[in-house]
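*Asks:* One file is attached below, my_file.csv, containing CSV, C-alpha atoms.
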chain,number,residue,atom,x,y,z
A,1,MET,CA,-17.8,-5.1,45.2
A,2,PRO,CA,-14.0,-5.4,45.4
A,3,LYS,CA,-12.0,-3.1,43.3
A,4,LYS,CA,-10.5,-5.9,41.2
A,5,GLN,CA,-13.9,-7.3,40.3
A,6,GLU,CA,-15.1,-3.8,39.4
A,7,GLU,CA,-12.2,-3.4,37.0
A,8,GLU,CA,-12.9,-6.8,35.5
A,9,LYS,CA,-16.6,-5.9,35.0
A,10,ARG,CA,-15.8,-2.5,33.5
A,11,VAL,CA,-16.5,-2.3,29.8
A,12,LEU,CA,-13.3,-1.5,27.9
A,13,ARG,CA,-13.5,1.5,25.6
A,14,LYS,CA,-12.9,1.2,21.9
A,15,GLY,CA,-11.3,4.0,20.0
A,16,LEU,CA,-10.8,5.4,16.5
A,17,THR,CA,-7.5,5.5,14.6
A,18,THR,CA,-5.6,8.6,13.7
A,19,GLY,CA,-6.7,8.0,10.1
A,20,VAL,CA,-10.4,8.2,11.0
A,21,HIS,CA,-9.9,11.4,13.0
A,22,ALA,CA,-7.8,13.0,10.2
A,23,THR,CA,-10.5,12.1,7.7
A,24,LEU,CA,-13.3,13.6,9.8
A,25,ALA,CA,-11.3,16.8,10.4
A,26,PHE,CA,-10.5,17.1,6.6
A,27,SER,CA,-14.2,16.8,5.8
A,28,LYS,CA,-15.1,19.7,8.1
A,29,ALA,CA,-12.2,21.8,7.0
A,30,LEU,CA,-13.0,21.3,3.3
A,31,GLU,CA,-16.6,22.1,3.9
A,32,ALA,CA,-15.7,25.3,5.6
A,33,PHE,CA,-13.4,26.3,2.7
A,34,LEU,CA,-16.1,25.5,0.1
A,35,ILE,CA,-18.5,27.8,1.9
A,36,THR,CA,-16.2,30.7,2.6
A,37,LYS,CA,-13.5,30.3,0.0
A,38,GLU,CA,-11.1,31.3,2.8
A,39,PRO,CA,-8.3,29.2,4.4
A,40,SER,CA,-9.8,26.9,7.0
A,41,VAL,CA,-8.6,24.9,9.9
A,42,THR,CA,-10.2,22.0,11.9
A,43,MET,CA,-8.7,20.5,15.1
A,44,ILE,CA,-9.8,17.2,16.6
A,45,ASN,CA,-8.5,15.3,19.6
A,46,LYS,CA,-8.0,11.5,19.2
A,47,ILE,CA,-10.6,9.7,21.4
A,48,ASP,CA,-9.2,8.1,24.5
A,49,ASN,CA,-9.5,4.4,24.8
A,50,ASP,CA,-8.2,1.4,26.7
A,51,ASP,CA,-5.5,0.4,24.2
A,52,LEU,CA,-1.8,0.7,24.5
A,53,ASP,CA,-1.4,3.7,22.2
A,54,VAL,CA,1.0,6.7,22.5
A,55,THR,CA,-1.3,8.8,20.3
A,56,LYS,CA,-4.3,8.8,22.7
A,57,GLY,CA,-5.7,12.3,23.1
A,58,CYS,CA,-3.3,13.8,20.6
A,59,GLU,CA,-4.5,16.9,18.6
A,60,ILE,CA,-4.8,16.4,14.9
A,61,VAL,CA,-5.0,19.6,12.8
A,62,ILE,CA,-6.2,19.9,9.2
A,63,ASN,CA,-5.5,23.1,7.2
A,64,VAL,CA,-7.1,23.6,3.8
A,65,SER,CA,-6.5,26.4,1.3
A,66,ASP,CA,-6.3,27.1,-2.4
A,67,LYS,CA,-2.8,28.3,-1.9
A,68,LYS,CA,0.1,26.3,-0.6
A,69,ALA,CA,1.7,29.4,0.8
A,70,ASP,CA,-1.1,29.6,3.4
A,71,LEU,CA,0.0,26.3,5.0
A,72,MET,CA,2.7,25.3,7.5
A,73,VAL,CA,4.3,22.4,5.7
A,74,SER,CA,6.8,20.0,7.4
A,75,GLU,CA,10.4,21.2,7.2
A,76,VAL,CA,11.3,17.7,6.0
A,77,GLU,CA,11.4,18.0,2.2
A,78,HIS,CA,8.7,15.9,0.5
A,79,LYS,CA,6.3,15.5,-2.3
A,80,PRO,CA,2.5,15.9,-1.8
A,81,GLN,CA,0.1,13.0,-2.4
A,82,GLU,CA,-1.9,14.1,-5.4
A,83,SER,CA,-5.4,13.1,-6.6
A,84,SER,CA,-7.9,14.6,-9.0
A,85,VAL,CA,-11.6,14.3,-9.9
A,86,GLY,CA,-12.6,16.0,-13.1
A,87,THR,CA,-10.9,19.4,-13.2
A,88,ASN,CA,-10.5,19.5,-9.4
A,89,LYS,CA,-7.1,18.6,-7.8
A,90,LEU,CA,-6.1,17.8,-4.2
A,91,TYR,CA,-2.5,18.0,-2.8
A,92,ILE,CA,-1.9,16.5,0.6
A,93,TYR,CA,1.2,17.5,2.5
A,94,ALA,CA,2.7,16.5,5.8
A,95,GLY,CA,2.2,19.3,8.2
A,96,ILE,CA,4.1,20.0,11.5
A,97,GLY,CA,4.3,16.8,13.6
A,98,VAL,CA,3.4,14.4,10.8
A,99,GLY,CA,6.3,12.3,9.5
A,100,VAL,CA,7.7,12.0,6.0
A,101,VAL,CA,8.9,8.6,4.7
A,102,THR,CA,12.6,8.8,3.7
A,103,LYS,CA,13.4,5.1,3.2
A,104,LYS,CA,12.0,2.2,1.2
A,105,GLY,CA,10.3,-0.8,2.7
A,106,LEU,CA,7.2,0.9,4.1
A,107,LYS,CA,3.6,1.0,2.9
A,108,ILE,CA,4.3,4.6,1.6
A,109,SER,CA,7.0,5.3,-0.9
A,110,PRO,CA,9.9,7.6,0.1
A,111,ASP,CA,9.5,11.3,0.0
A,112,PHE,CA,5.8,11.3,0.7
A,113,PRO,CA,3.8,12.1,3.8
A,114,ALA,CA,3.5,9.2,6.3
A,115,ILE,CA,-0.2,8.8,5.8
A,116,ASN,CA,-1.1,5.1,5.3
A,117,PRO,CA,-3.0,3.9,2.3
A,118,VAL,CA,-6.4,3.5,3.9
A,119,PRO,CA,-6.7,6.9,5.6
A,120,LEU,CA,-5.2,8.5,2.5
A,121,GLU,CA,-7.8,6.9,0.3
A,122,ASN,CA,-10.6,7.9,2.7
A,123,ILE,CA,-9.4,11.6,2.6
A,124,GLN,CA,-9.3,11.4,-1.2
A,125,ASN,CA,-12.8,9.9,-1.3
A,126,VAL,CA,-14.2,12.7,0.9
A,127,PHE,CA,-12.7,15.2,-1.5
A,128,LEU,CA,-14.3,13.4,-4.5
A,129,ARG,CA,-17.8,13.5,-2.9
A,130,GLN,CA,-17.6,17.1,-1.6
A,131,VAL,CA,-16.4,18.8,-4.8
A,132,GLU,CA,-18.6,17.0,-7.3
A,133,GLU,CA,-20.5,20.2,-8.1
A,134,TYR,CA,-17.3,22.3,-8.4
A,135,HIS,CA,-14.9,22.9,-11.3
A,136,ASN,CA,-11.3,23.9,-11.6
A,137,LEU,CA,-10.6,23.8,-7.9
A,138,THR,CA,-7.1,23.3,-6.6
A,139,ILE,CA,-7.0,22.4,-2.9
A,140,HIS,CA,-3.9,22.2,-0.8
A,141,CYS,CA,-4.1,20.4,2.6
A,142,THR,CA,-1.7,19.7,5.5
A,143,VAL,CA,-2.3,17.0,8.1
A,144,SER,CA,-0.5,18.0,11.3
A,145,VAL,CA,-0.3,16.7,14.8
A,146,THR,CA,0.4,19.0,17.8
A,147,ASN,CA,3.7,17.8,19.5
A,148,GLY,CA,3.9,15.1,16.9
A,149,GLU,CA,7.7,15.1,16.9
A,150,GLU,CA,7.8,14.5,20.6
A,151,ILE,CA,5.2,11.7,20.4
A,152,ALA,CA,7.2,10.1,17.6
A,153,LYS,CA,10.1,9.6,19.9
A,154,GLN,CA,8.1,6.9,21.7
A,155,THR,CA,7.7,5.0,18.4
A,156,ALA,CA,10.1,3.3,15.9
A,157,ASN,CA,9.5,6.0,13.3
A,158,SER,CA,13.0,7.4,13.1
A,159,LYS,CA,14.5,3.9,13.0
A,160,VAL,CA,12.5,3.0,9.8
A,161,GLY,CA,13.1,6.4,8.2
A,162,VAL,CA,9.9,8.3,9.1
A,163,LEU,CA,11.2,11.8,10.0
A,164,GLY,CA,9.4,14.8,11.4
A,165,GLY,CA,6.6,13.3,13.4
A,166,ILE,CA,4.1,10.4,13.7
A,167,SER,CA,2.4,8.4,11.1
A,168,ILE,CA,-1.3,8.6,10.3
A,169,LEU,CA,-2.4,5.0,10.7
A,170,GLY,CA,-5.5,2.9,10.3
A,171,THR,CA,-7.0,-0.1,8.4
A,172,SER,CA,-10.4,-0.9,9.9
A,173,GLY,CA,-10.7,2.5,11.6
A,174,ILE,CA,-11.4,0.9,15.0
A,175,VAL,CA,-8.8,0.6,17.8
A,176,LYS,CA,-9.7,-2.4,19.9
A,177,PRO,CA,-9.4,-2.0,23.6
A,178,VAL,CA,-6.2,-3.6,25.1
A,179,SER,CA,-5.7,-5.4,21.9
A,180,SER,CA,-2.1,-4.1,21.5
A,181,THR,CA,-2.9,-4.0,17.8
A,182,ALA,CA,-0.9,-0.8,17.4
A,183,TYR,CA,2.2,-2.3,18.9
A,184,ILE,CA,2.0,-5.5,16.8
A,185,ASP,CA,1.5,-3.3,13.7
A,186,SER,CA,4.6,-1.4,14.6
A,187,VAL,CA,6.5,-4.7,15.0
A,188,LYS,CA,5.3,-5.7,11.5
A,189,THR,CA,6.4,-2.4,10.0
A,190,GLU,CA,9.9,-2.8,11.5
A,191,ILE,CA,10.2,-6.4,10.2
A,192,GLU,CA,9.0,-5.4,6.7
A,193,PHE,CA,11.5,-2.4,6.7
A,194,ALA,CA,14.4,-4.6,7.8
A,195,LYS,CA,13.6,-7.3,5.2
A,196,GLN,CA,13.2,-4.8,2.4
A,197,ASN,CA,16.5,-3.1,3.2
A,198,GLY,CA,18.5,-6.3,3.7
A,199,PHE,CA,19.1,-6.1,7.4
A,200,GLU,CA,19.8,-9.7,8.3
A,201,PRO,CA,19.6,-11.6,10.6
A,202,LEU,CA,16.7,-10.0,12.5
A,203,ILE,CA,17.2,-9.7,16.2
A,204,PHE,CA,14.0,-10.0,18.3
A,205,THR,CA,14.6,-8.7,21.8
A,206,LEU,CA,12.4,-9.0,24.9
A,207,GLY,CA,13.4,-6.6,27.7
A,208,ASN,CA,15.7,-3.6,28.0
A,209,SER,CA,18.8,-5.7,28.8
A,210,ALA,CA,18.4,-7.8,25.7
A,211,PHE,CA,17.9,-4.7,23.6
A,212,ARG,CA,21.0,-3.0,25.1
A,213,VAL,CA,23.3,-6.0,24.6
A,214,SER,CA,22.0,-6.6,21.1
A,215,LYS,CA,22.8,-3.0,20.2
A,216,GLU,CA,26.5,-3.7,21.1
A,217,ARG,CA,26.5,-6.4,18.4
A,218,TYR,CA,24.1,-5.3,15.6
A,219,VAL,CA,22.9,-2.1,14.0
A,220,GLU,CA,19.6,-0.8,15.4
A,221,GLU,CA,17.7,-1.4,12.1
A,222,GLN,CA,18.2,-5.1,12.6
A,223,ILE,CA,16.7,-5.1,16.1
A,224,VAL,CA,13.0,-5.4,16.8
A,225,GLU,CA,11.7,-5.0,20.4
A,226,VAL,CA,8.9,-7.5,20.4
A,227,ALA,CA,7.8,-6.9,24.1
A,228,ASN,CA,5.8,-9.9,25.3
A,229,PHE,CA,4.4,-10.7,21.8
A,230,VAL,CA,6.7,-13.7,21.1
A,231,TYR,CA,4.2,-15.7,19.0
A,232,ASP,CA,2.8,-12.8,17.1
A,233,SER,CA,6.2,-11.5,16.1
A,234,ILE,CA,7.5,-14.9,15.0
A,235,GLU,CA,4.3,-15.4,13.1
A,236,ILE,CA,4.8,-12.1,11.2
A,237,ALA,CA,8.4,-13.0,10.4
A,238,SER,CA,7.3,-16.4,9.2
A,239,GLU,CA,4.6,-15.0,7.0
A,240,LEU,CA,7.0,-12.5,5.5
A,241,GLU,CA,9.5,-15.3,4.9
A,242,VAL,CA,12.3,-13.7,6.9
A,243,LYS,CA,15.4,-15.9,6.4
A,244,GLN,CA,16.8,-15.8,9.9
A,245,VAL,CA,15.7,-14.5,13.3
A,246,LYS,CA,17.6,-14.6,16.6
A,247,PHE,CA,15.3,-14.2,19.6
A,248,VAL,CA,17.0,-12.9,22.7
A,249,CYS,CA,15.6,-12.6,26.2
A,250,GLY,CA,16.3,-13.5,29.8
A,251,ILE,CA,16.0,-17.0,31.2
A,252,GLY,CA,12.7,-16.2,33.0
A,253,LYS,CA,10.9,-15.2,29.8
A,254,MET,CA,12.6,-18.0,27.9
A,255,THR,CA,11.2,-20.5,30.4
A,256,LYS,CA,7.7,-19.3,29.6
A,257,VAL,CA,8.4,-19.7,25.9
A,258,TYR,CA,9.5,-23.3,26.3
A,259,GLN,CA,6.4,-23.9,28.4
A,260,GLY,CA,4.2,-22.8,25.5
A,261,PHE,CA,3.3,-19.2,26.5
A,262,LYS,CA,2.6,-17.3,23.3
A,263,ASN,CA,2.6,-14.0,25.2
A,264,THR,CA,4.9,-13.8,28.2
A,265,HIS,CA,3.1,-11.1,30.1
A,266,ASN,CA,2.1,-12.2,33.6
A,267,ARG,CA,-1.6,-11.7,32.9
A,268,PHE,CA,-1.4,-14.7,30.6
A,269,GLY,CA,-0.2,-16.9,33.4
A,270,VAL,CA,2.9,-17.8,35.4
A,271,ILE,CA,5.7,-20.3,35.1
A,272,ASP,CA,4.9,-23.9,36.0
A,273,PHE,CA,7.7,-24.5,38.6
A,274,VAL,CA,6.6,-28.1,39.2
A,275,LEU,CA,7.1,-28.9,35.5
A,276,LEU,CA,10.4,-27.0,35.5
A,277,GLN,CA,11.5,-29.0,38.5
A,278,LYS,CA,10.6,-32.2,36.8
A,279,HIS,CA,12.5,-31.4,33.6
A,280,ILE,CA,15.6,-30.4,35.6
A,281,GLU,CA,15.5,-33.6,37.5
A,282,GLU,CA,15.0,-35.7,34.4
A,283,GLU,CA,17.7,-34.0,32.3
A,284,LEU,CA,20.2,-32.7,34.8
A,285,GLY,CA,19.8,-35.3,37.6
A,286,TYR,CA,19.2,-32.8,40.3
A,287,LYS,CA,16.0,-31.9,42.2
A,288,VAL,CA,15.7,-28.2,42.9
A,289,ASP,CA,13.9,-27.0,46.0
A,290,ILE,CA,11.0,-25.0,44.4
A,291,GLU,CA,9.4,-24.4,47.8
A,292,SER,CA,12.2,-22.1,48.9
A,293,THR,CA,13.0,-20.9,45.4
A,294,LYS,CA,10.0,-19.6,43.5
A,295,THR,CA,11.9,-17.7,40.8
A,296,VAL,CA,13.9,-18.9,37.8
A,297,LYS,CA,16.7,-16.6,38.9
A,298,GLY,CA,16.7,-18.3,42.2
A,299,ILE,CA,16.9,-21.8,40.6
A,300,SER,CA,19.7,-20.5,38.3
A,301,GLN,CA,21.7,-19.4,41.4
A,302,GLU,CA,21.1,-22.8,43.0
A,303,LEU,CA,22.4,-24.6,40.0
A,304,ASP,CA,25.3,-22.2,39.5
A,305,LYS,CA,26.6,-23.2,42.9
A,306,ILE,CA,26.9,-26.9,41.8
A,307,GLY,CA,28.2,-26.3,38.3
A,308,LEU,CA,25.0,-27.0,36.4
A,309,ILE,CA,24.1,-23.5,35.2
A,310,ASP,CA,25.2,-24.0,31.6
A,311,ASP,CA,23.3,-27.3,31.5
A,312,LEU,CA,20.2,-25.4,32.6
A,313,TYR,CA,20.7,-22.8,29.9
A,314,THR,CA,21.2,-25.5,27.3
A,315,MET,CA,18.1,-27.4,28.4
A,316,ILE,CA,15.8,-24.3,28.4
A,317,THR,CA,17.2,-23.0,25.1
A,318,ARG,CA,16.7,-26.4,23.4
A,319,LYS,CA,13.1,-26.7,24.7
A,320,ALA,CA,12.3,-23.1,23.7
A,321,ASN,CA,13.6,-23.8,20.2
A,322,GLU,CA,11.5,-27.0,20.0
A,323,GLN,CA,8.4,-25.1,21.1
A,324,ILE,CA,9.0,-22.4,18.4
A,325,LYS,CA,9.4,-25.1,15.8
A,326,GLU,CA,6.2,-26.7,16.9
A,327,TRP,CA,4.4,-23.4,16.4
A,328,PHE,CA,6.1,-22.6,13.1
A,329,PRO,CA,7.8,-25.6,11.5
A,330,LYS,CA,9.1,-23.7,8.6
A,331,SER,CA,10.5,-20.7,10.5
A,332,ASN,CA,14.3,-20.2,11.1
A,333,VAL,CA,14.3,-18.8,14.6
A,334,GLU,CA,17.1,-19.3,17.1
A,335,ALA,CA,16.3,-18.7,20.8
A,336,ILE,CA,19.2,-17.3,22.8
A,337,ILE,CA,19.2,-16.8,26.6
A,338,LEU,CA,20.7,-13.4,27.5
A,339,GLU,CA,22.5,-14.7,30.6
A,340,GLN,CA,24.3,-17.5,28.9
A,341,ARG,CA,28.0,-17.1,29.4
A,342,GLU,CA,29.2,-18.4,26.1
A,343,VAL,CA,26.8,-17.5,23.2
A,344,THR,CA,28.3,-18.2,19.8
A,345,GLY,CA,27.2,-17.1,16.4
A,346,TRP,CA,25.0,-14.2,17.4
Show the structure stored in the file as structure tokens.

*Replies:*
Amino acid sequence: MPKKQEEEKRVLRKGLTTGVHATLAFSKALEAFLITKEPSVTMINKIDNDDLDVTKGCEIVINVSDKKADLMVSEVEHKPQESSVGTNKLYIYAGIGVGVVTKKGLKISPDFPAINPVPLENIQNVFLRQVEEYHNLTIHCTVSVTNGEEIAKQTANSKVGVLGGISILGTSGIVKPVSSTAYIDSVKTEIEFAKQNGFEPLIFTLGNSAFRVSKERYVEEQIVEVANFVYDSIEIASELEVKQVKFVCGIGKMTKVYQGFKNTHNRFGVIDFVLLQKHIEEELGYKVDIESTKTVKGISQELDKIGLIDDLYTMITRKANEQIKEWFPKSNVEAIILEQREVTGW
């Protein structure tokens, strides 16, 4: 069987979130402490899977003790998450490599560990069940991630004010293979943060060049790198009622948007050059040679030579904006082509 067919037939692996792993490790660490009454530590590696996830394989470390002094707490000053059941109390701190929330606009309030509500509740529920028969216990716990500070550099954590490491995430507990759920969740977090903190307009960028140019004009907190997830990102902004979004990308990707691609990655299809040729002829009165020019860049160069390049930009921009309006009639999104010579108002 050809290699490509083998890959297509291969069953993609699901995974578990950092929150699930942290909860499992906490359960074991707490159990060990209750048996020995000595400080305990449990380490667990995040299961590998076929998702786009920078935390795959990372080591999550849970330390449990009845004395905070026994634990290595993050150097970023913060307050612990507290919970109690009967006379028993639990204090959860960010350990080394787990972030601390320092700005408003996220699911966790400032000055607390970056442990999302669902995994935090799961850890607290484990505590509740396992200490039912005990009285007057005070448990201190750190959630740490080995090399978490380095891993966090591949995320948007520092931009949204999560300092010192990664976040402990999870809702359903399952990471779907190649779902890109983690990336879309990150985009949502950045949008929520920007909206809550008054960074307007939001700038959605697709591609390194769009991001670099946008940074010359706007503060980084306003800029959200949406990768190929055009539809998903605009949908999130629309649901959150973001007042204004400027979507910036190169002419090739913008052509895909106007042709109705919700995700501009090549695995979702390629540009219809016959359709593009038809629209150029109808609107610009010129028939491009798509047999010898099989890229939008090549077509742009051909039209540039005869003075029609700005007309091409205008046509594609208008059609992209029309497509976005068709998807989300109430959204306020302005599509902008990066290469356009005279871009006003952005």

*Asks:* One decimal, in Å: what's the spacing between atom CA of A:Ile306 and atom CA of A:Glu291?

*Replies:*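 Between atom CA of A:Ile306 and atom CA of A:Glu291 the gap works out to 18.7 Å.
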
*Asks:* Can you tell me, as a list in words, what residues are no more than 9 Å from A:Cys58 when counting all atoms listed in the file, ignoring any on the same chain fewer than 4 positions away?

*Replies:*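 Using all atoms listed in the file, the neighbours found are Thr18, Ile44, Asn45, Lys46, Ile47, Val54, Val145, Thr146, Asn147, Gly148 and Ile151 of chain A.
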
*Asks:* Which polymer residues have any atom within 10 Å of an atom of A:Ala156, counting all atoms listed in the file, with same-chain residues fewer than 4 positions away left out, as number ranges by chain?

*Replies:* A: 152, 160-162, 166, 186-187, 189-190, 221, 224-225

*Asks:* Between A:Thr293, A:Ile271, A:Val333, A:Gln196, single out the one closest to A:Phe247, counting all atoms listed in the file.

*Replies:* A:Val333

*Asks:* Rounded to one decimal, what separation in Å do you get between atom CA of A:Lys262 and atom CA of A:Glu334?

*Replies:*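 Calculated distance between atom CA of A:Lys262 and atom CA of A:Glu334 is 15.9 Å.
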
*Asks:* What lies within 6 Å of stretch 30-40 of chain A using all atoms listed in the file, ignoring chain neighbours under 2 positions off, as a PyMOL selection string?

*Replies:* chain A and resi 26-28+63-65

*Asks:* Give me the residues near A:Asn197 as a list in words, where near means some atom within 10 Å (using only C-alpha atoms) and where sequence neighbours in that chain fewer than 5 positions away do not count.

*Replies:* Lys103, Lys104, Gly105, Val160, Ile191, Glu192, Glu221 and Gln222 of chain A

*Asks:* I'd like to know which of A:Cys249, A:Asp289, A:Glu326, A:Ser74 is closest to A:Ser209, using all atoms listed in the file.

*Replies:* A:Cys249

*Asks:* Measuring atom to atom with all atoms listed in the file, identify which of A:Asp304, A:Lys294, A:Glu322, A:Leu169 is nearest to A:Ile115.

*Replies:*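 Closest to A:Ile115 of all the choices is A:Leu169.
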
*Asks:* Which residues are close to A:Leu275, i.e. within 12 Å by only C-alpha atoms, leaving aside same-chain residues fewer than 6 positions away? Reply as a PyMOL selection string.

*Replies:* chain A and resi 255-256+258-259+281-282+287-288+290

*Asks:* What does stretch 186-256 of chain A look like written to a file with C-alpha atoms, as a PDB file, in the first residue's frame?

*Replies:*
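Writing the result to result-v7.pdb gives the following:
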ATOM      1  CA  SER A 186      -5.781  30.126  22.515  1.00  0.00           C
ATOM      2  CA  VAL A 187      -7.230  32.491  19.904  1.00  0.00           C
ATOM      3  CA  LYS A 188     -10.408  32.782  21.977  1.00  0.00           C
ATOM      4  CA  THR A 189      -8.394  33.558  25.096  1.00  0.00           C
ATOM      5  CA  GLU A 190      -6.510  36.341  23.292  1.00  0.00           C
ATOM      6  CA  ILE A 191      -9.734  37.831  21.916  1.00  0.00           C
ATOM      7  CA  GLU A 192     -11.412  37.752  25.332  1.00  0.00           C
ATOM      8  CA  PHE A 193      -8.357  39.331  26.922  1.00  0.00           C
ATOM      9  CA  ALA A 194      -8.127  42.115  24.330  1.00  0.00           C
ATOM     10  CA  LYS A 195     -11.839  42.886  24.598  1.00  0.00           C
ATOM     11  CA  GLN A 196     -11.859  42.940  28.396  1.00  0.00           C
ATOM     12  CA  ASN A 197      -8.852  45.258  28.467  1.00  0.00           C
ATOM     13  CA  GLY A 198     -10.088  47.682  25.814  1.00  0.00           C
ATOM     14  CA  PHE A 199      -7.613  46.900  23.035  1.00  0.00           C
ATOM     15  CA  GLU A 200      -9.480  48.020  19.911  1.00  0.00           C
ATOM     16  CA  PRO A 201      -9.645  47.432  17.051  1.00  0.00           C
ATOM     17  CA  LEU A 202      -8.518  43.811  17.064  1.00  0.00           C
ATOM     18  CA  ILE A 203      -6.063  42.894  14.329  1.00  0.00           C
ATOM     19  CA  PHE A 204      -6.303  39.342  13.016  1.00  0.00           C
ATOM     20  CA  THR A 205      -3.167  38.328  11.145  1.00  0.00           C
ATOM     21  CA  LEU A 206      -2.495  35.338   8.944  1.00  0.00           C
ATOM     22  CA  GLY A 207       1.198  34.770   8.210  1.00  0.00           C
ATOM     23  CA  ASN A 208       4.482  36.083   9.615  1.00  0.00           C
ATOM     24  CA  SER A 209       4.630  39.108   7.319  1.00  0.00           C
ATOM     25  CA  ALA A 210       1.142  40.274   8.294  1.00  0.00           C
ATOM     26  CA  PHE A 211       2.048  39.906  11.967  1.00  0.00           C
ATOM     27  CA  ARG A 212       5.325  41.793  11.552  1.00  0.00           C
ATOM     28  CA  VAL A 213       3.749  44.715   9.676  1.00  0.00           C
ATOM     29  CA  SER A 214       0.854  44.890  12.147  1.00  0.00           C
ATOM     30  CA  LYS A 215       3.307  45.163  15.040  1.00  0.00           C
ATOM     31  CA  GLU A 216       4.669  48.337  13.433  1.00  0.00           C
ATOM     32  CA  ARG A 217       1.212  49.924  13.700  1.00  0.00           C
ATOM     33  CA  TYR A 218      -0.415  48.420  16.784  1.00  0.00           C
ATOM     34  CA  VAL A 219       0.464  47.172  20.249  1.00  0.00           C
ATOM     35  CA  GLU A 220       0.915  43.417  20.437  1.00  0.00           C
ATOM     36  CA  GLU A 221      -2.075  42.940  22.751  1.00  0.00           C
ATOM     37  CA  GLN A 222      -4.342  44.008  19.880  1.00  0.00           C
ATOM     38  CA  ILE A 223      -2.911  41.476  17.436  1.00  0.00           C
ATOM     39  CA  VAL A 224      -4.168  37.902  17.256  1.00  0.00           C
ATOM     40  CA  GLU A 225      -2.382  35.429  15.001  1.00  0.00           C
ATOM     41  CA  VAL A 226      -5.272  33.336  13.664  1.00  0.00           C
ATOM     42  CA  ALA A 227      -3.161  31.009  11.474  1.00  0.00           C
ATOM     43  CA  ASN A 228      -5.475  29.452   8.864  1.00  0.00           C
ATOM     44  CA  PHE A 229      -8.545  29.543  11.132  1.00  0.00           C
ATOM     45  CA  VAL A 230     -10.272  32.481   9.464  1.00  0.00           C
ATOM     46  CA  TYR A 231     -13.892  31.420   9.971  1.00  0.00           C
ATOM     47  CA  ASP A 232     -13.398  30.111  13.528  1.00  0.00           C
ATOM     48  CA  SER A 233     -11.652  33.301  14.638  1.00  0.00           C
ATOM     49  CA  ILE A 234     -14.256  35.640  13.161  1.00  0.00           C
ATOM     50  CA  GLU A 235     -16.996  33.455  14.639  1.00  0.00           C
ATOM     51  CA  ILE A 236     -15.465  33.831  18.106  1.00  0.00           C
ATOM     52  CA  ALA A 237     -15.140  37.603  17.669  1.00  0.00           C
ATOM     53  CA  SER A 238     -18.749  37.778  16.495  1.00  0.00           C
ATOM     54  CA  GLU A 239     -20.039  35.737  19.436  1.00  0.00           C
ATOM     55  CA  LEU A 240     -18.096  37.932  21.865  1.00  0.00           C
ATOM     56  CA  GLU A 241     -19.497  41.040  20.146  1.00  0.00           C
ATOM     57  CA  VAL A 242     -16.106  42.544  19.361  1.00  0.00           C
ATOM     58  CA  LYS A 243     -16.780  45.992  17.919  1.00  0.00           C
ATOM     59  CA  GLN A 244     -14.178  46.035  15.156  1.00  0.00           C
ATOM     60  CA  VAL A 245     -11.756  43.562  13.588  1.00  0.00           C
ATOM     61  CA  LYS A 246      -9.201  44.197  10.859  1.00  0.00           C
ATOM     62  CA  PHE A 247      -8.169  40.969   9.124  1.00  0.00           C
ATOM     63  CA  VAL A 248      -4.773  41.197   7.412  1.00  0.00           C
ATOM     64  CA  CYS A 249      -3.152  38.610   5.155  1.00  0.00           C
ATOM     65  CA  GLY A 250      -1.417  38.203   1.801  1.00  0.00           C
ATOM     66  CA  ILE A 251      -3.289  38.229  -1.477  1.00  0.00           C
ATOM     67  CA  GLY A 252      -3.064  34.441  -1.921  1.00  0.00           C
ATOM     68  CA  LYS A 253      -4.834  33.631   1.341  1.00  0.00           C
ATOM     69  CA  MET A 254      -7.284  36.492   0.813  1.00  0.00           C
ATOM     70  CA  THR A 255      -8.235  34.975  -2.525  1.00  0.00           C
ATOM     71  CA  LYS A 256      -9.112  31.765  -0.717  1.00  0.00           C
TER      72      LYS A 256
END
